[in-house]
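Visitor: One structure, pasted below without further comment.
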Amino acid sequence: MQNAELRVAVLGAGIIAKEHFDAIRATTGFAACAVVDINLDKANEIAQLYEIMAYNDYREMIKQEKPDVVVIALPHYLHKETAVFAAEHGCHLMLEKPMALSVAECDEIIEAGRKADIRILVGHTQHYIAENIQAKRIIQSEELGQLVMIHDVRHTNYFQDSRPQWFLEKEKSGGGILANLGTHSIDKIQWLTDCTVRKLKSSVSYHGSRGNVEGSGMIYLELTSGIPATIVQSGYLGASRNETEIIFTGGMLKLVTGESLWMSRGGQYEKLETLNTAAPFELQYSDLLTAIRDHSETSCSPAYARGVIAALEAVYRSAETGLEQLVYQEIGE
């Protein structure tokens, strides 16, 4: 049974579902079996494309198909409910980020996974992107000297008409641009440095054209190593930007995640040749498969993902109170 294919079902037939199914198809050891969406027409479209079963009720699907792995690619407010149910039925989990709406919900998922003795990988894709992997290697090599600080900037039209409304309702999404894209930045900074956030101060604004979530935010944070970092994000109209500047005593890196990596040793930035790796989603599935077969922890564990949510909760506390917040994280090894 060691080499038997594990059957995988995906909850959610949105735009990201095809990336999951393509990665499942590309990963020897996994085989797709079903897709679930409340909109059965959308589920049927995906099902026909990948020759699998379609359902509009995830509970029925899990009971009927008995998948080995359940992928949760649903609105954030459904993560906890579906993850706990799947875990209780013995399914390993590929859970899209953010893990859940709160640390308390993360704890429920972690406990359900512990009781069922399943493996959980939370899809913080920053860990699997070629430019990020290369930047982390350079940080660890100390070829540019000691790391001094990190400045992460992201601007995008967050309130564009094509964004589903649930993203803009705090009770369903957990927050606005910082809950969705800010968690990528928190994760990226933590992962690049092998540190967690110790304390932070933040400020947000609410000028979105719809919904009740923040449209911009600025975070000043300090890592457990003492390294400072800033995150600046705007979801209003303007030029798109997604860059992380990593500053050392002997040079700088400019990381344009998913596009390029640049280095300066004192002069202009020069583009580095990016190392070839498998697609991020394929690396995620390979990671999960190894954890299942070895009965080991995934490299993006639920304990780690819980820590990202702990930092996000501190961001909103700071923005509300105007005070610096300590971040209490329980990060697994």
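So you can find residues: chains in the structure tokens are A, B, ... in the order shown, residues in each start at 1, and ligands are numbered from 1 in order.
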Just the residues within 10 Å of Thr28 (chain A), please, counting only C-alpha atoms, with nothing from its chain fewer than 5 positions along; format it as a list in words.
Guide: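 Once the adjacent positions are removed, what remains is Asn3, Ala4, Glu5, Leu6, Ala23, Tyr285, Ser286 and Leu289 of chain A.
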Visitor: Can you list, as a PyMOL selection string, all residues belonging to region 44-170 of chain A that DSSP tags as alpha helix (DSSP H)?
Guide: chain A and resi 44-50+58-65+79-88+103-116+130-141+170
Visitor: Could you write out that same residue set with N, CA and C atoms as a short mmCIF file (atom, residue, chain, number, x, y, z; two decimals), in the first residue's frame?
Guide:
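Generated output (again07.cif):
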data_model
loop_
_atom_site.label_atom_id
_atom_site.label_comp_id
_atom_site.auth_asym_id
_atom_site.auth_seq_id
_atom_site.Cartn_x
_atom_site.Cartn_y
_atom_site.Cartn_z
N ASN A 44 -19.53 20.78 -11.96
CA ASN A 44 -19.62 19.90 -13.13
C ASN A 44 -18.61 20.28 -14.21
N GLU A 45 -18.38 21.57 -14.39
CA GLU A 45 -17.39 22.02 -15.39
C GLU A 45 -16.01 21.46 -15.07
N ILE A 46 -15.62 21.59 -13.79
CA ILE A 46 -14.32 21.07 -13.36
C ILE A 46 -14.30 19.55 -13.47
N ALA A 47 -15.39 18.92 -13.04
CA ALA A 47 -15.47 17.45 -13.04
C ALA A 47 -15.29 16.88 -14.45
N GLN A 48 -15.93 17.52 -15.43
CA GLN A 48 -15.81 17.05 -16.81
C GLN A 48 -14.37 17.21 -17.32
N LEU A 49 -13.74 18.29 -16.93
CA LEU A 49 -12.38 18.57 -17.38
C LEU A 49 -11.39 17.54 -16.85
N TYR A 50 -11.60 17.12 -15.60
CA TYR A 50 -10.63 16.21 -14.96
C TYR A 50 -11.17 14.79 -14.78
N TYR A 58 -20.26 18.97 0.66
CA TYR A 58 -18.97 18.34 0.99
C TYR A 58 -19.13 17.17 1.96
N ARG A 59 -20.13 17.23 2.81
CA ARG A 59 -20.34 16.12 3.75
C ARG A 59 -20.74 14.85 2.99
N GLU A 60 -21.64 15.01 2.04
CA GLU A 60 -22.07 13.87 1.23
C GLU A 60 -20.88 13.31 0.46
N MET A 61 -20.08 14.22 -0.12
CA MET A 61 -18.93 13.76 -0.90
C MET A 61 -17.97 12.95 -0.04
N ILE A 62 -17.64 13.45 1.14
CA ILE A 62 -16.67 12.75 2.00
C ILE A 62 -17.21 11.38 2.41
N LYS A 63 -18.50 11.31 2.70
CA LYS A 63 -19.10 10.03 3.09
C LYS A 63 -19.16 9.05 1.93
N GLN A 64 -19.42 9.58 0.73
CA GLN A 64 -19.55 8.71 -0.45
C GLN A 64 -18.18 8.31 -1.02
N GLU A 65 -17.29 9.28 -1.19
CA GLU A 65 -16.02 9.04 -1.87
C GLU A 65 -14.92 8.53 -0.95
N HIS A 79 -13.33 27.53 6.44
CA HIS A 79 -12.15 26.69 6.64
C HIS A 79 -12.28 25.80 7.87
N LYS A 80 -12.64 26.40 8.99
CA LYS A 80 -12.69 25.62 10.24
C LYS A 80 -13.72 24.51 10.18
N GLU A 81 -14.92 24.85 9.76
CA GLU A 81 -16.01 23.87 9.71
C GLU A 81 -15.65 22.67 8.82
N THR A 82 -15.16 22.96 7.63
CA THR A 82 -14.87 21.88 6.68
C THR A 82 -13.62 21.10 7.07
N ALA A 83 -12.62 21.78 7.62
CA ALA A 83 -11.39 21.11 8.03
C ALA A 83 -11.66 20.14 9.17
N VAL A 84 -12.44 20.57 10.14
CA VAL A 84 -12.74 19.71 11.29
C VAL A 84 -13.54 18.49 10.83
N PHE A 85 -14.53 18.70 9.96
CA PHE A 85 -15.34 17.57 9.48
C PHE A 85 -14.48 16.58 8.72
N ALA A 86 -13.63 17.09 7.83
CA ALA A 86 -12.78 16.20 7.04
C ALA A 86 -11.82 15.43 7.94
N ALA A 87 -11.23 16.13 8.90
CA ALA A 87 -10.30 15.46 9.82
C ALA A 87 -11.01 14.36 10.60
N GLU A 88 -12.21 14.65 11.06
CA GLU A 88 -12.97 13.66 11.83
C GLU A 88 -13.28 12.41 11.00
N VAL A 103 -7.17 32.57 15.88
CA VAL A 103 -6.34 31.59 16.55
C VAL A 103 -7.20 30.50 17.17
N ALA A 104 -8.35 30.90 17.73
CA ALA A 104 -9.25 29.91 18.35
C ALA A 104 -9.71 28.88 17.33
N GLU A 105 -10.05 29.32 16.12
CA GLU A 105 -10.45 28.37 15.08
C GLU A 105 -9.27 27.50 14.66
N CYS A 106 -8.08 28.09 14.57
CA CYS A 106 -6.89 27.29 14.25
C CYS A 106 -6.71 26.18 15.27
N ASP A 107 -6.92 26.51 16.54
CA ASP A 107 -6.74 25.52 17.60
C ASP A 107 -7.73 24.37 17.45
N GLU A 108 -8.95 24.67 17.01
CA GLU A 108 -9.93 23.61 16.78
C GLU A 108 -9.48 22.67 15.66
N ILE A 109 -8.93 23.24 14.61
CA ILE A 109 -8.44 22.43 13.49
C ILE A 109 -7.26 21.57 13.95
N ILE A 110 -6.33 22.18 14.68
CA ILE A 110 -5.16 21.45 15.16
C ILE A 110 -5.57 20.29 16.06
N GLU A 111 -6.53 20.53 16.94
CA GLU A 111 -6.98 19.47 17.84
C GLU A 111 -7.67 18.34 17.07
N ALA A 112 -8.48 18.70 16.08
CA ALA A 112 -9.14 17.66 15.27
C ALA A 112 -8.10 16.84 14.51
N GLY A 113 -7.08 17.50 14.00
CA GLY A 113 -6.03 16.79 13.29
C GLY A 113 -5.23 15.89 14.21
N ARG A 114 -4.99 16.35 15.43
CA ARG A 114 -4.24 15.53 16.41
C ARG A 114 -5.03 14.27 16.77
N LYS A 115 -6.31 14.46 17.03
CA LYS A 115 -7.14 13.30 17.40
C LYS A 115 -7.21 12.28 16.28
N ALA A 116 -7.27 12.76 15.03
CA ALA A 116 -7.41 11.85 13.88
C ALA A 116 -6.05 11.34 13.39
N ALA A 130 10.23 29.96 -6.51
CA ALA A 130 11.66 29.87 -6.84
C ALA A 130 12.46 31.08 -6.36
N GLU A 131 11.97 32.30 -6.63
CA GLU A 131 12.71 33.50 -6.24
C GLU A 131 12.85 33.60 -4.72
N ASN A 132 11.81 33.20 -4.00
CA ASN A 132 11.86 33.24 -2.55
C ASN A 132 12.87 32.23 -2.01
N ILE A 133 12.87 31.02 -2.59
CA ILE A 133 13.81 29.98 -2.17
C ILE A 133 15.24 30.45 -2.37
N GLN A 134 15.48 31.10 -3.51
CA GLN A 134 16.82 31.60 -3.80
C GLN A 134 17.22 32.72 -2.84
N ALA A 135 16.28 33.62 -2.55
CA ALA A 135 16.56 34.72 -1.62
C ALA A 135 16.90 34.18 -0.23
N LYS A 136 16.16 33.15 0.19
CA LYS A 136 16.43 32.57 1.52
C LYS A 136 17.82 31.96 1.57
N ARG A 137 18.23 31.30 0.49
CA ARG A 137 19.57 30.71 0.45
C ARG A 137 20.65 31.78 0.58
N ILE A 138 20.43 32.93 -0.07
CA ILE A 138 21.41 34.02 0.00
C ILE A 138 21.46 34.59 1.42
N ILE A 139 20.29 34.75 2.06
CA ILE A 139 20.26 35.22 3.45
C ILE A 139 21.05 34.27 4.34
N GLN A 140 20.81 32.98 4.19
CA GLN A 140 21.47 31.98 5.03
C GLN A 140 22.96 31.90 4.77
N SER A 141 23.38 32.18 3.54
CA SER A 141 24.80 32.10 3.19
C SER A 141 25.61 33.25 3.77
N LYS A 170 -15.97 41.42 6.55
CA LYS A 170 -15.03 41.00 7.58
C LYS A 170 -15.43 39.70 8.27
#
Visitor: Give me, as a list of chain:residue names, all polymer residues having an atom no more than 9 Å from Leu223 (chain A), counting only C-alpha atoms and skipping those fewer than 5 positions away in the same chain.
Guide: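 The contact residues come out as A:Ile189, A:Gln190, A:Thr193, A:Cys195, A:Thr196, A:Val197, A:Arg198, A:Lys199, A:Leu200, A:Pro228, A:Ala229.
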Visitor: Taking 2 positions as the minimum chain separation for residues in the same chain, which residues sit within 10 Å of Leu312 (chain A) when counting only C-alpha atoms? Answer as a ChimeraX atom specification.
Guide: /A:98,101-103,174-175,178-179,182-183,186,200,306-310,314-318,327
Visitor: Please, could you write that set of residues out with N, CA, C and O atoms as a compact mmCIF listing (two decimals), in the first residue's frame?
Guide:
# COMPACT_ATOMS: atom_id res chain seq x y z
N PRO A 98 -5.57 32.10 4.44
CA PRO A 98 -5.16 31.93 5.83
C PRO A 98 -5.85 30.72 6.45
O PRO A 98 -6.94 30.34 6.03
N LEU A 101 -10.19 31.98 10.57
CA LEU A 101 -10.49 33.37 10.90
C LEU A 101 -9.83 33.85 12.17
O LEU A 101 -9.71 35.05 12.40
N SER A 102 -9.41 32.92 13.04
CA SER A 102 -8.87 33.31 14.35
C SER A 102 -7.96 32.22 14.87
O SER A 102 -7.98 31.08 14.40
N VAL A 103 -7.17 32.57 15.88
CA VAL A 103 -6.34 31.59 16.55
C VAL A 103 -7.20 30.50 17.17
O VAL A 103 -6.85 29.32 17.15
N GLY A 174 -12.35 37.65 7.47
CA GLY A 174 -11.43 37.90 8.57
C GLY A 174 -10.79 39.27 8.51
O GLY A 174 -10.14 39.73 9.46
N GLY A 175 -10.94 39.97 7.39
CA GLY A 175 -10.35 41.29 7.21
C GLY A 175 -10.14 41.57 5.74
O GLY A 175 -10.51 40.77 4.87
N LEU A 178 -5.01 43.18 4.43
CA LEU A 178 -4.00 42.62 5.34
C LEU A 178 -4.30 41.17 5.70
O LEU A 178 -3.39 40.37 5.90
N ALA A 179 -5.59 40.81 5.78
CA ALA A 179 -5.96 39.42 6.07
C ALA A 179 -5.65 38.53 4.88
O ALA A 179 -5.23 37.38 5.05
N GLY A 182 -1.74 40.57 3.30
CA GLY A 182 -0.82 40.85 4.40
C GLY A 182 -0.30 39.59 5.06
O GLY A 182 0.84 39.53 5.52
N THR A 183 -1.14 38.55 5.10
CA THR A 183 -0.67 37.29 5.67
C THR A 183 0.42 36.67 4.80
O THR A 183 1.32 36.00 5.32
N ILE A 186 3.55 38.67 6.00
CA ILE A 186 3.99 38.21 7.32
C ILE A 186 4.69 36.87 7.19
O ILE A 186 5.78 36.64 7.73
N LEU A 200 4.64 44.22 17.26
CA LEU A 200 4.32 45.03 16.08
C LEU A 200 3.44 46.21 16.44
O LEU A 200 2.81 46.25 17.50
N ARG A 306 -0.88 28.84 12.36
CA ARG A 306 -1.55 29.46 13.51
C ARG A 306 -0.80 30.72 13.94
O ARG A 306 -1.40 31.73 14.30
N GLY A 307 0.54 30.65 13.90
CA GLY A 307 1.34 31.81 14.28
C GLY A 307 1.14 33.00 13.37
O GLY A 307 1.19 34.15 13.81
N VAL A 308 0.89 32.75 12.09
CA VAL A 308 0.60 33.84 11.15
C VAL A 308 -0.72 34.52 11.55
O VAL A 308 -0.83 35.75 11.52
N ILE A 309 -1.70 33.72 11.93
CA ILE A 309 -2.98 34.28 12.36
C ILE A 309 -2.82 35.04 13.69
O ILE A 309 -3.44 36.09 13.90
N ALA A 310 -1.98 34.54 14.58
CA ALA A 310 -1.71 35.26 15.82
C ALA A 310 -1.13 36.64 15.54
O ALA A 310 -1.50 37.64 16.17
N ALA A 314 -2.87 40.45 16.15
CA ALA A 314 -2.15 41.54 16.80
C ALA A 314 -2.16 42.80 15.93
O ALA A 314 -2.22 43.92 16.44
N VAL A 315 -2.11 42.62 14.60
CA VAL A 315 -2.18 43.76 13.67
C VAL A 315 -3.48 44.52 13.88
O VAL A 315 -3.49 45.75 14.01
N TYR A 316 -4.59 43.80 13.94
CA TYR A 316 -5.89 44.46 14.11
C TYR A 316 -6.05 45.04 15.51
O TYR A 316 -6.66 46.10 15.68
N ARG A 317 -5.49 44.39 16.53
CA ARG A 317 -5.54 44.95 17.89
C ARG A 317 -4.78 46.27 17.95
O ARG A 317 -5.23 47.25 18.55
N SER A 318 -3.62 46.28 17.32
CA SER A 318 -2.81 47.50 17.33
C SER A 318 -3.50 48.63 16.58
O SER A 318 -3.51 49.77 17.04
N VAL A 327 3.17 39.56 20.22
CA VAL A 327 2.57 38.46 19.48
C VAL A 327 2.95 37.16 20.17
O VAL A 327 4.13 36.84 20.29
Visitor: Mind checking DSSP for region 13-248 of chain A and telling me the strand (DSSP E) residues as a tab-separated table (two decimals) with N, CA, C and O atoms, in the first residue's frame?
Guide:
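Written out: result.tsv:
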chain	number	residue	atom	x	y	z
A	30	PHE	N	-0.73	10.75	-6.08
A	30	PHE	CA	-2.05	11.34	-5.86
A	30	PHE	C	-2.92	11.14	-7.10
A	30	PHE	O	-2.41	11.15	-8.23
A	31	ALA	N	-4.23	11.01	-6.89
A	31	ALA	CA	-5.19	10.94	-7.99
A	31	ALA	C	-6.45	11.68	-7.58
A	31	ALA	O	-7.00	11.42	-6.49
A	32	ALA	N	-6.91	12.61	-8.40
A	32	ALA	CA	-8.13	13.36	-8.09
A	32	ALA	C	-9.35	12.46	-8.20
A	32	ALA	O	-9.42	11.60	-9.09
A	33	CYS	N	-10.32	12.66	-7.29
A	33	CYS	CA	-11.52	11.83	-7.33
A	33	CYS	C	-12.81	12.64	-7.34
A	33	CYS	O	-13.83	12.17	-7.83
A	34	ALA	N	-12.78	13.89	-6.81
A	34	ALA	CA	-14.04	14.64	-6.73
A	34	ALA	C	-13.79	16.12	-6.53
A	34	ALA	O	-12.73	16.54	-6.07
A	35	VAL	N	-14.81	16.90	-6.90
A	35	VAL	CA	-14.82	18.33	-6.65
A	35	VAL	C	-16.17	18.71	-6.07
A	35	VAL	O	-17.19	18.11	-6.43
A	36	VAL	N	-16.16	19.68	-5.15
A	36	VAL	CA	-17.39	20.10	-4.49
A	36	VAL	C	-17.55	21.61	-4.61
A	36	VAL	O	-16.59	22.35	-4.40
A	53	MET	N	-15.83	13.05	-10.09
A	53	MET	CA	-17.21	13.23	-9.64
A	53	MET	C	-17.43	14.66	-9.14
A	53	MET	O	-16.52	15.29	-8.59
A	54	ALA	N	-18.66	15.15	-9.32
A	54	ALA	CA	-19.04	16.49	-8.85
A	54	ALA	C	-20.11	16.38	-7.78
A	54	ALA	O	-21.04	15.58	-7.89
A	55	TYR	N	-19.98	17.22	-6.76
A	55	TYR	CA	-20.95	17.27	-5.66
A	55	TYR	C	-21.21	18.72	-5.30
A	55	TYR	O	-20.39	19.60	-5.57
A	69	VAL	N	-7.36	12.50	0.96
A	69	VAL	CA	-6.94	13.89	1.15
A	69	VAL	C	-8.08	14.80	0.72
A	69	VAL	O	-8.70	14.59	-0.33
A	70	VAL	N	-8.33	15.84	1.52
A	70	VAL	CA	-9.30	16.87	1.16
A	70	VAL	C	-8.57	18.21	1.04
A	70	VAL	O	-7.82	18.60	1.95
A	71	VAL	N	-8.78	18.87	-0.08
A	71	VAL	CA	-8.22	20.20	-0.32
A	71	VAL	C	-9.31	21.22	-0.03
A	71	VAL	O	-10.41	21.13	-0.58
A	72	ILE	N	-9.01	22.21	0.81
A	72	ILE	CA	-10.01	23.21	1.17
A	72	ILE	C	-9.62	24.53	0.52
A	72	ILE	O	-8.68	25.21	0.94
A	92	HIS	N	-6.56	13.54	5.32
A	92	HIS	CA	-5.46	14.49	5.40
A	92	HIS	C	-5.91	15.79	4.73
A	92	HIS	O	-6.83	15.78	3.89
A	93	LEU	N	-5.24	16.90	5.07
A	93	LEU	CA	-5.73	18.20	4.61
A	93	LEU	C	-4.67	19.01	3.88
A	93	LEU	O	-3.53	19.15	4.36
A	94	MET	N	-5.06	19.56	2.74
A	94	MET	CA	-4.35	20.65	2.07
A	94	MET	C	-5.26	21.86	2.25
A	94	MET	O	-6.32	21.95	1.61
A	95	LEU	N	-4.88	22.77	3.14
A	95	LEU	CA	-5.76	23.86	3.56
A	95	LEU	C	-5.20	25.19	3.07
A	95	LEU	O	-4.11	25.59	3.45
A	96	GLU	N	-5.96	25.87	2.22
A	96	GLU	CA	-5.52	27.17	1.72
A	96	GLU	C	-5.35	28.17	2.86
A	96	GLU	O	-6.03	28.09	3.88
A	120	ILE	N	-1.50	17.76	7.98
A	120	ILE	CA	-2.11	18.99	7.49
A	120	ILE	C	-1.02	19.88	6.90
A	120	ILE	O	-0.02	20.16	7.57
A	121	LEU	N	-1.21	20.33	5.68
A	121	LEU	CA	-0.34	21.34	5.09
A	121	LEU	C	-1.17	22.57	4.80
A	121	LEU	O	-2.21	22.49	4.14
A	122	VAL	N	-0.75	23.71	5.33
A	122	VAL	CA	-1.44	24.97	5.07
A	122	VAL	C	-0.73	25.67	3.92
A	122	VAL	O	0.50	25.81	3.92
A	123	GLY	N	-1.50	26.09	2.92
A	123	GLY	CA	-0.94	26.53	1.66
A	123	GLY	C	-0.34	27.92	1.63
A	123	GLY	O	-0.76	28.77	0.85
A	147	LEU	N	22.02	40.41	7.91
A	147	LEU	CA	20.71	40.98	7.60
A	147	LEU	C	20.41	42.13	8.55
A	147	LEU	O	20.60	42.01	9.76
A	148	VAL	N	19.94	43.25	7.99
A	148	VAL	CA	19.69	44.46	8.78
A	148	VAL	C	18.20	44.75	8.91
A	148	VAL	O	17.71	45.04	10.01
A	149	MET	N	17.46	44.68	7.80
A	149	MET	CA	16.03	44.99	7.84
A	149	MET	C	15.37	44.52	6.55
A	149	MET	O	16.04	44.20	5.57
A	150	ILE	N	14.02	44.48	6.58
A	150	ILE	CA	13.23	44.07	5.42
A	150	ILE	C	12.10	45.07	5.23
A	150	ILE	O	11.45	45.48	6.19
A	151	HIS	N	11.87	45.44	3.95
A	151	HIS	CA	10.77	46.36	3.62
A	151	HIS	C	9.93	45.71	2.53
A	151	HIS	O	10.41	45.47	1.43
A	152	ASP	N	8.68	45.41	2.84
A	152	ASP	CA	7.79	44.70	1.92
A	152	ASP	C	6.66	45.64	1.49
A	152	ASP	O	5.99	46.23	2.33
A	153	VAL	N	6.47	45.76	0.18
A	153	VAL	CA	5.46	46.68	-0.37
A	153	VAL	C	4.55	45.95	-1.34
A	153	VAL	O	5.03	45.19	-2.20
A	154	ARG	N	3.26	46.19	-1.21
A	154	ARG	CA	2.32	45.60	-2.17
A	154	ARG	C	1.17	46.58	-2.41
A	154	ARG	O	0.53	47.05	-1.48
A	155	HIS	N	0.95	46.89	-3.69
A	155	HIS	CA	-0.17	47.75	-4.09
A	155	HIS	C	-0.96	47.04	-5.18
A	155	HIS	O	-0.38	46.53	-6.15
A	197	VAL	N	7.33	36.76	14.43
A	197	VAL	CA	7.09	38.13	14.85
A	197	VAL	C	6.97	38.19	16.37
A	197	VAL	O	6.20	37.43	16.96
A	198	ARG	N	7.75	39.08	16.97
A	198	ARG	CA	7.72	39.24	18.44
A	198	ARG	C	6.78	40.35	18.87
A	198	ARG	O	6.03	40.20	19.83
A	199	LYS	N	6.81	41.46	18.16
A	199	LYS	CA	5.92	42.57	18.49
A	199	LYS	C	5.71	43.42	17.25
A	199	LYS	O	6.51	43.36	16.30
A	200	LEU	N	4.64	44.22	17.26
A	200	LEU	CA	4.32	45.03	16.08
A	200	LEU	C	3.44	46.21	16.44
A	200	LEU	O	2.81	46.25	17.50
A	201	LYS	N	3.40	47.16	15.54
A	201	LYS	CA	2.47	48.30	15.62
A	201	LYS	C	1.94	48.53	14.22
A	201	LYS	O	2.67	48.40	13.24
A	202	SER	N	0.65	48.86	14.12
A	202	SER	CA	0.05	48.97	12.80
A	202	SER	C	-0.94	50.12	12.72
A	202	SER	O	-1.41	50.64	13.74
A	203	SER	N	-1.24	50.47	11.48
A	203	SER	CA	-2.27	51.48	11.19
A	203	SER	C	-2.98	51.05	9.92
A	203	SER	O	-2.33	50.55	8.98
A	204	VAL	N	-4.30	51.20	9.88
A	204	VAL	CA	-5.08	50.81	8.70
A	204	VAL	C	-6.02	51.93	8.30
A	204	VAL	O	-6.27	52.86	9.07
A	205	SER	N	-6.57	51.82	7.08
A	205	SER	CA	-7.57	52.79	6.62
A	205	SER	C	-8.77	52.06	6.03
A	205	SER	O	-8.64	50.92	5.58
A	216	SER	N	-6.13	49.55	3.24
A	216	SER	CA	-4.68	49.73	3.27
A	216	SER	C	-4.19	49.49	4.69
A	216	SER	O	-4.97	49.50	5.65
A	217	GLY	N	-2.89	49.29	4.80
A	217	GLY	CA	-2.31	49.11	6.12
A	217	GLY	C	-0.81	49.26	6.09
A	217	GLY	O	-0.16	49.03	5.06
A	218	MET	N	-0.26	49.67	7.22
A	218	MET	CA	1.18	49.76	7.40
A	218	MET	C	1.51	49.07	8.72
A	218	MET	O	0.86	49.33	9.74
A	219	ILE	N	2.49	48.18	8.68
A	219	ILE	CA	2.87	47.43	9.87
A	219	ILE	C	4.37	47.60	10.10
A	219	ILE	O	5.16	47.39	9.19
A	220	TYR	N	4.73	47.96	11.31
A	220	TYR	CA	6.13	47.93	11.72
A	220	TYR	C	6.26	46.76	12.68
A	220	TYR	O	5.56	46.70	13.71
A	221	LEU	N	7.10	45.81	12.35
A	221	LEU	CA	7.22	44.63	13.20
A	221	LEU	C	8.66	44.34	13.54
A	221	LEU	O	9.60	44.74	12.85
A	222	GLU	N	8.83	43.64	14.66
A	222	GLU	CA	10.15	43.22	15.10
A	222	GLU	C	10.14	41.71	15.24
A	222	GLU	O	9.23	41.14	15.87
A	223	LEU	N	11.13	41.05	14.66
A	223	LEU	CA	11.22	39.61	14.72
A	223	LEU	C	11.90	39.15	16.00
A	223	LEU	O	12.51	39.95	16.71
A	228	PRO	N	14.16	44.35	12.35
A	228	PRO	CA	12.91	45.07	12.08
A	228	PRO	C	12.45	44.86	10.64
A	228	PRO	O	13.27	44.62	9.75
A	229	ALA	N	11.16	44.98	10.43
A	229	ALA	CA	10.60	44.87	9.08
A	229	ALA	C	9.37	45.75	8.99
A	229	ALA	O	8.69	46.01	9.99
A	230	THR	N	9.08	46.19	7.78
A	230	THR	CA	7.87	46.96	7.52
A	230	THR	C	7.07	46.30	6.41
A	230	THR	O	7.64	45.72	5.48
A	231	ILE	N	5.77	46.39	6.54
A	231	ILE	CA	4.85	45.93	5.50
A	231	ILE	C	3.94	47.10	5.16
A	231	ILE	O	3.31	47.67	6.04
A	232	VAL	N	3.92	47.48	3.88
A	232	VAL	CA	3.08	48.58	3.42
A	232	VAL	C	2.20	48.06	2.29
A	232	VAL	O	2.72	47.57	1.27
A	233	GLN	N	0.90	48.15	2.45
A	233	GLN	CA	-0.03	47.64	1.43
A	233	GLN	C	-1.16	48.62	1.19
A	233	GLN	O	-1.70	49.20	2.14
A	234	SER	N	-1.51	48.79	-0.08
A	234	SER	CA	-2.65	49.63	-0.44
A	234	SER	C	-3.51	48.91	-1.46
A	234	SER	O	-2.99	48.34	-2.43
A	241	ARG	N	2.29	46.99	-7.48
A	241	ARG	CA	3.66	46.74	-7.02
A	241	ARG	C	3.65	45.59	-6.03
A	241	ARG	O	2.74	45.49	-5.21
A	242	ASN	N	4.65	44.73	-6.12
A	242	ASN	CA	4.78	43.61	-5.19
A	242	ASN	C	6.26	43.31	-5.05
A	242	ASN	O	6.81	42.50	-5.79
A	243	GLU	N	6.92	44.00	-4.11
A	243	GLU	CA	8.37	43.89	-3.95
A	243	GLU	C	8.76	43.78	-2.49
A	243	GLU	O	8.13	44.37	-1.61
A	244	THR	N	9.81	43.03	-2.25
A	244	THR	CA	10.39	42.92	-0.92
A	244	THR	C	11.86	43.30	-1.01
A	244	THR	O	12.62	42.66	-1.73
A	245	GLU	N	12.24	44.36	-0.30
A	245	GLU	CA	13.63	44.80	-0.29
A	245	GLU	C	14.28	44.26	0.99
A	245	GLU	O	13.79	44.51	2.09
A	246	ILE	N	15.38	43.52	0.80
A	246	ILE	CA	16.07	42.86	1.91
A	246	ILE	C	17.44	43.50	2.03
A	246	ILE	O	18.24	43.45	1.08
A	247	ILE	N	17.70	44.11	3.16
A	247	ILE	CA	18.87	44.97	3.31
A	247	ILE	C	19.89	44.33	4.27
A	247	ILE	O	19.54	43.92	5.38
A	248	PHE	N	21.14	44.25	3.80
A	248	PHE	CA	22.24	43.64	4.55
A	248	PHE	C	23.34	44.68	4.79
A	248	PHE	O	23.29	45.79	4.26
Visitor: Choose the residue, out of A:Gly267, A:Gly250, A:Pro164, A:Pro280, that has the smallest atom-to-atom separation from His20 (chain A); count only C-alpha atoms.
Guide: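 Of the candidates, the smallest distance to His20 (chain A) is held by A:Pro280.
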Visitor: Ser173 (chain A): which residues within 12 Å, counting only C-alpha atoms, same-chain residues fewer than 6 positions away excluded, as a ChimeraX atom specification?
Guide: /A:74-79,97-102,164-167,179-181,211-214
Visitor: Using only C-alpha atoms, which residue out of A:Ile24, A:Ala13, A:Val256, A:Leu168 lies closest to Asp41 (chain A)?
Guide: A:Ala13
Visitor: Which of these, A:Lys271, A:Arg25, A:Arg265, A:Lys172, has the shortest distance to Met252 (chain A) once you count only C-alpha atoms?
Guide: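 Counting only C-alpha atoms, the residue closest to Met252 (chain A) is A:Arg265.
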Visitor: Separation of CA of Gln126 (chain A) and CA of Ile16 (chain A), in Å?
Guide: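 It comes out at 15.7 Å.
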Visitor: Quick one: pull the distance between CA of Glu51 (chain A) and CA of Arg163 (chain A), Å, one decimal.
Guide: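 Taking CA of Glu51 (chain A) as the start and CA of Arg163 (chain A) as the end point, the length is 28.5 Å.
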Visitor: What is the CA of Tyr269 (chain A) to CA of Gln146 (chain A) distance in Å?
Guide: 18.5 Å
Visitor: Which of these residues is nearest to Asp287 (chain A), using only C-alpha atoms: A:Ser162, A:Ser299, A:Ser225, A:Ser240?
Guide: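 Under the stated criterion, the closest residue is A:Ser299.
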